[in-house]
Structure formats: structure tokens, C-alpha cells
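*Asks:* Below is one structure. I have some questions about it.
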Amino acid sequence: MKRNWRILLFVAGAVGIAFLFAIAAGPLIHPRDIRNQYAAAINSATFAERNVTDTVSAVNFDFRGFDTLGEEFILLVSVLGSLVLLRMIEDRKGKVLRDALDEWRDVGPSDAIRLWILAMIAPKVAFGIYIVTHGQLTPGGGFQGGVILASAALILYLGEGFTVFRDVISHPATEIVEGAGALGFLFVGMLGWIWGRPYLTNVVPLGKAHELTSGGTIALISLATGLEVAAGFILLLYAFLQENLSPVEET
Amino acid sequence: MIYLQIVTLALVVASGTIVALNREVAGQPITVSLFGLILALMFMVFQEPDVALSQIVVGAVGLPLMILLAVAKLRRDEQTMQREKAREKAPKERE
């Protein structure tokens, strides 16, 4: 009886949404036929005025850079908040801690998996750096590359466990990189002030299009964002993984 | 191109339904991960490679990991509670 009522409720809701969706989607035109002045302006400005081939990066880090600054600090603040919330509590300090997930592992990861993961880390880091530094040329940029860099640390945990992860990801250093990335964005924005221009003006030489040095501040901000995102995600992982440590019981 | 878009949209619907219907707690992160990958594929097909890149890492790796860790912690807390209950019972039986 209860199940029937739930199905009835679902069907009523689904039909209602389908009806409203049909009304809303009816007059929509195909994306191909949209003549949007903003899009046209952005498309012509990215290559002509910034020597950049990836429009998305140009919009994120230059034309609407101030929005991205806000997003960057949202990330910074949420990472900080999680770290404060998940900080090491008193009764576990100074005790021998063990990864609680090991309790469910009858055997550790096999040697083949560990070797494969160790072999994958270097290409993953290289790919992350490639995505961060080529944000102005190809799809990607600071955020995407930063998360890829952080996932290199994650697969280290999958292969070697928490202790090795903690030894490699030195905690204070990661925090410094996190702060340096966020401050880097802030300071690159201030560069314009030296020449009396508004905040986040692209004052660095734009370089030649299709080259790594093109884009001026776009490349610099992308790099700063990459550092911040990579360090932020590693800190988040560290905080969450630390939650799964349990003091070893003396028996 | 339009057929590819229809196929990926159908895949998104199917995998999303699978995630919603899956009642197995440990299985949900895995299905969410698959759902994330298919969403990334959809972004790719709709010509948005930047979003697809972020979606692959955040949706297919980051989110399932956070869910998995939370589930692991909940299960461990449950186990320690059961252990403590067993300990409380044990002395009474001796008496």
C-alpha cells in the first residue's frame, strides 16, 4: 500500500515535470542558430586581443577574472573550514595510529598493482603540469590540471597506504603551496596597479599566439590556480584519510 | 553527431537511474563514479572539453572517494559500538 502511494506520487511528479519541461523546451532554438552578441565579442577578442586559443581560459582568467578570484577563495575557505572541522582531536594525539581501512583488507595490494601505481605517478604529474601550463592553448587550465596533480597523490595512497602518503605529502609544505597559490592570483591581479591600470588588467607581454608564453597574465593566473587547487585537494584528502585512522589497541 | 548526443543522453538517464535505485551503501560510490564518467562523456560530446576534464577528476574520482571514506568511518563507529556493548555484557554473564 505504502509502496503504491510512493509510485503514484512519483508518476504524478514525473508527468508534471515532463509537462513543464515540454512547455519550457518548446520555443528553445538550436545552439547553432543562436546569434549572441556577447559570445561573438568574446570569440573575436580572445585571439585578436589576447593571443590565446582557448576561449574558456581567457574568459575565466581574464575577461571575467574577478569572478574566478571569488571562486578561488571559495575553494580556499571551504578547504580551511574542512581542515578546522576535521582537525586531530585530543584523545588521538601521540598515540600509535593505524589506517582503519586495513581491517577490511585481508591482504594488501599486490606487488603488481603497487609497481603499476608507482610507475603511473610520474606520467600523471607530468600530465597535470601539462594541463596547468597549457591552459591558454588547449582545453584545461589551473583547475583541471590542479585536480589531476592531486589525484597523483591519491593513487599513491591507493597503492602504498596512508603512512607513505603522509610521509610524501609533507603537511606544512602543502599548506604553504595552498596559500601561495591563492596569494599569487591576488598579486598577479595587482600588477596592473604599477602602471595605474585597474585590478586584473592584462599588463604582462602577450607573447606570440600558439606558444607557451602567450596570454600574459592568463598563463600566470592559471599556474597560481593550479598550485592552489592541487594543494587544496591534497589537504582535503589528508584530512579525510586522517579521519579513518584509529588508535591501535593494546591487547 | 545528433545520434551520438541522443545515445549519451540515454546513457546518462540509465546510469542516473541505476544510482538512484541502488540501495547497497558500498555499491553507491561505484555507481556514482560510473555516472560521473558518463557525464564527462556527455560534456565531451556536447563540445565542452574543459568541463569534461574537471568532471572526470571530481565526479569520477573525488566524490566517490569522499563517500567511500564517510561510509568506512560510519561502519567502523558501528563496529566499535557493538564491541563496547559486548564488553558491557560480558562481566554480567560472569557474575
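Following the order of the C-alpha cells, first chain is A, next is B, and so on, with residues numbered from 1 inside each chain and ligands from 1 in the order they appear.
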Identify every residue of chain A that has at least one atom within 9 Å of any atom of chain B, counting only C-alpha atoms, and report the result as a PDB file with N, CA and C atoms, in the first residue's frame.
*Replies:*
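Contents of iface.pdb, as written:
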ATOM      1  N   VAL A  56      37.767  29.483 -23.209  1.00  0.00           N
ATOM      2  CA  VAL A  56      37.282  29.271 -21.840  1.00  0.00           C
ATOM      3  C   VAL A  56      38.284  29.806 -20.822  1.00  0.00           C
ATOM      4  N   SER A  57      39.572  29.510 -21.033  1.00  0.00           N
ATOM      5  CA  SER A  57      40.595  30.021 -20.119  1.00  0.00           C
ATOM      6  C   SER A  57      40.634  31.536 -20.148  1.00  0.00           C
ATOM      7  N   ALA A 100      42.338   2.494   9.461  1.00  0.00           N
ATOM      8  CA  ALA A 100      41.241   1.589   9.794  1.00  0.00           C
ATOM      9  C   ALA A 100      40.784   0.785   8.591  1.00  0.00           C
ATOM     10  N   LEU A 101      41.055   1.318   7.382  1.00  0.00           N
ATOM     11  CA  LEU A 101      40.621   0.589   6.195  1.00  0.00           C
ATOM     12  C   LEU A 101      41.393  -0.722   6.045  1.00  0.00           C
ATOM     13  N   THR A 138      45.160  24.979 -25.056  1.00  0.00           N
ATOM     14  CA  THR A 138      44.233  23.867 -25.281  1.00  0.00           C
ATOM     15  C   THR A 138      43.275  23.787 -24.097  1.00  0.00           C
ATOM     16  N   PRO A 139      42.184  23.028 -24.228  1.00  0.00           N
ATOM     17  CA  PRO A 139      41.260  22.880 -23.103  1.00  0.00           C
ATOM     18  C   PRO A 139      42.002  22.464 -21.847  1.00  0.00           C
ATOM     19  N   GLY A 140      41.598  23.001 -20.726  1.00  0.00           N
ATOM     20  CA  GLY A 140      42.272  22.708 -19.472  1.00  0.00           C
ATOM     21  C   GLY A 140      42.558  23.996 -18.745  1.00  0.00           C
ATOM     22  N   GLY A 141      43.588  24.000 -17.936  1.00  0.00           N
ATOM     23  CA  GLY A 141      43.924  25.188 -17.162  1.00  0.00           C
ATOM     24  C   GLY A 141      44.176  24.842 -15.717  1.00  0.00           C
ATOM     25  N   PHE A 143      42.468  24.833 -12.837  1.00  0.00           N
ATOM     26  CA  PHE A 143      41.609  23.992 -12.011  1.00  0.00           C
ATOM     27  C   PHE A 143      41.736  22.517 -12.410  1.00  0.00           C
ATOM     28  N   GLN A 144      41.541  22.246 -13.710  1.00  0.00           N
ATOM     29  CA  GLN A 144      41.586  20.855 -14.178  1.00  0.00           C
ATOM     30  C   GLN A 144      42.937  20.222 -13.894  1.00  0.00           C
ATOM     31  N   GLY A 145      44.029  20.941 -14.240  1.00  0.00           N
ATOM     32  CA  GLY A 145      45.367  20.406 -14.015  1.00  0.00           C
ATOM     33  C   GLY A 145      45.651  20.196 -12.543  1.00  0.00           C
ATOM     34  N   VAL A 147      43.546  19.457 -10.151  1.00  0.00           N
ATOM     35  CA  VAL A 147      42.886  18.261  -9.622  1.00  0.00           C
ATOM     36  C   VAL A 147      43.606  17.003 -10.099  1.00  0.00           C
ATOM     37  N   ILE A 148      44.127  17.044 -11.339  1.00  0.00           N
ATOM     38  CA  ILE A 148      44.879  15.880 -11.834  1.00  0.00           C
ATOM     39  C   ILE A 148      46.136  15.676 -10.994  1.00  0.00           C
ATOM     40  N   SER A 151      45.245  14.072  -7.818  1.00  0.00           N
ATOM     41  CA  SER A 151      44.886  12.653  -7.926  1.00  0.00           C
ATOM     42  C   SER A 151      46.134  11.785  -8.044  1.00  0.00           C
ATOM     43  N   PHE A 233      43.197  20.219  -2.740  1.00  0.00           N
ATOM     44  CA  PHE A 233      42.609  18.875  -2.802  1.00  0.00           C
ATOM     45  C   PHE A 233      43.448  17.875  -2.010  1.00  0.00           C
ATOM     46  N   LEU A 237      42.100  15.579   1.026  1.00  0.00           N
ATOM     47  CA  LEU A 237      42.321  14.134   1.081  1.00  0.00           C
ATOM     48  C   LEU A 237      42.972  13.754   2.401  1.00  0.00           C
ATOM     49  N   PHE A 240      40.496  13.938   5.256  1.00  0.00           N
ATOM     50  CA  PHE A 240      39.504  12.862   5.231  1.00  0.00           C
ATOM     51  C   PHE A 240      40.143  11.518   5.561  1.00  0.00           C
ATOM     52  N   LEU A 241      41.340  11.279   5.012  1.00  0.00           N
ATOM     53  CA  LEU A 241      42.001   9.999   5.268  1.00  0.00           C
ATOM     54  C   LEU A 241      42.392   9.885   6.738  1.00  0.00           C
ATOM     55  N   GLU A 243      40.754  10.965   9.173  1.00  0.00           N
ATOM     56  CA  GLU A 243      39.556  10.601   9.924  1.00  0.00           C
ATOM     57  C   GLU A 243      39.432   9.097  10.073  1.00  0.00           C
ATOM     58  N   ASN A 244      40.025   8.349   9.137  1.00  0.00           N
ATOM     59  CA  ASN A 244      39.878   6.900   9.160  1.00  0.00           C
ATOM     60  C   ASN A 244      40.992   6.199   9.914  1.00  0.00           C
TER      61      ASN A 244
END
*Asks:* Name the residues in contact with Val7 of chain B at a cut-off of 12 Å, using only C-alpha atoms, excluding same-chain residues fewer than 3 positions from it; report them as an MDAnalysis selection string.
*Replies:* chainID B and resid 1:4 10:14 38 41:42 45:46
*Asks:* Could you check which of B:Met44, B:Leu39, B:Ile6, B:Val71 is closest to Ala26 of chain B, using only C-alpha atoms?
*Replies:*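 Smallest distance to Ala26 of chain B is found for B:Val71.
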*Asks:* Rounded to one decimal in Å, what is the spacing between atom CA of Pro198 of chain A and atom CA of Gln136 of chain A?
*Replies:*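 Going from atom CA of Pro198 of chain A over to atom CA of Gln136 of chain A covers 22.0 Å.
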*Asks:* What are the DSSP alpha helix (DSSP H) residues of chain B, as a PyMOL selection string?
*Replies:* chain B and resi 2-21+27-45+49-57+63-94
*Asks:* Quick one: residues within 9 Å of segment 182-188 of chain A, only C-alpha atoms, excluding same-chain residues fewer than 3 positions away - as number ranges by chain?
*Replies:* A: 69, 72-73, 76, 177-179, 191-192, 200, 217, 220-225, 227-229
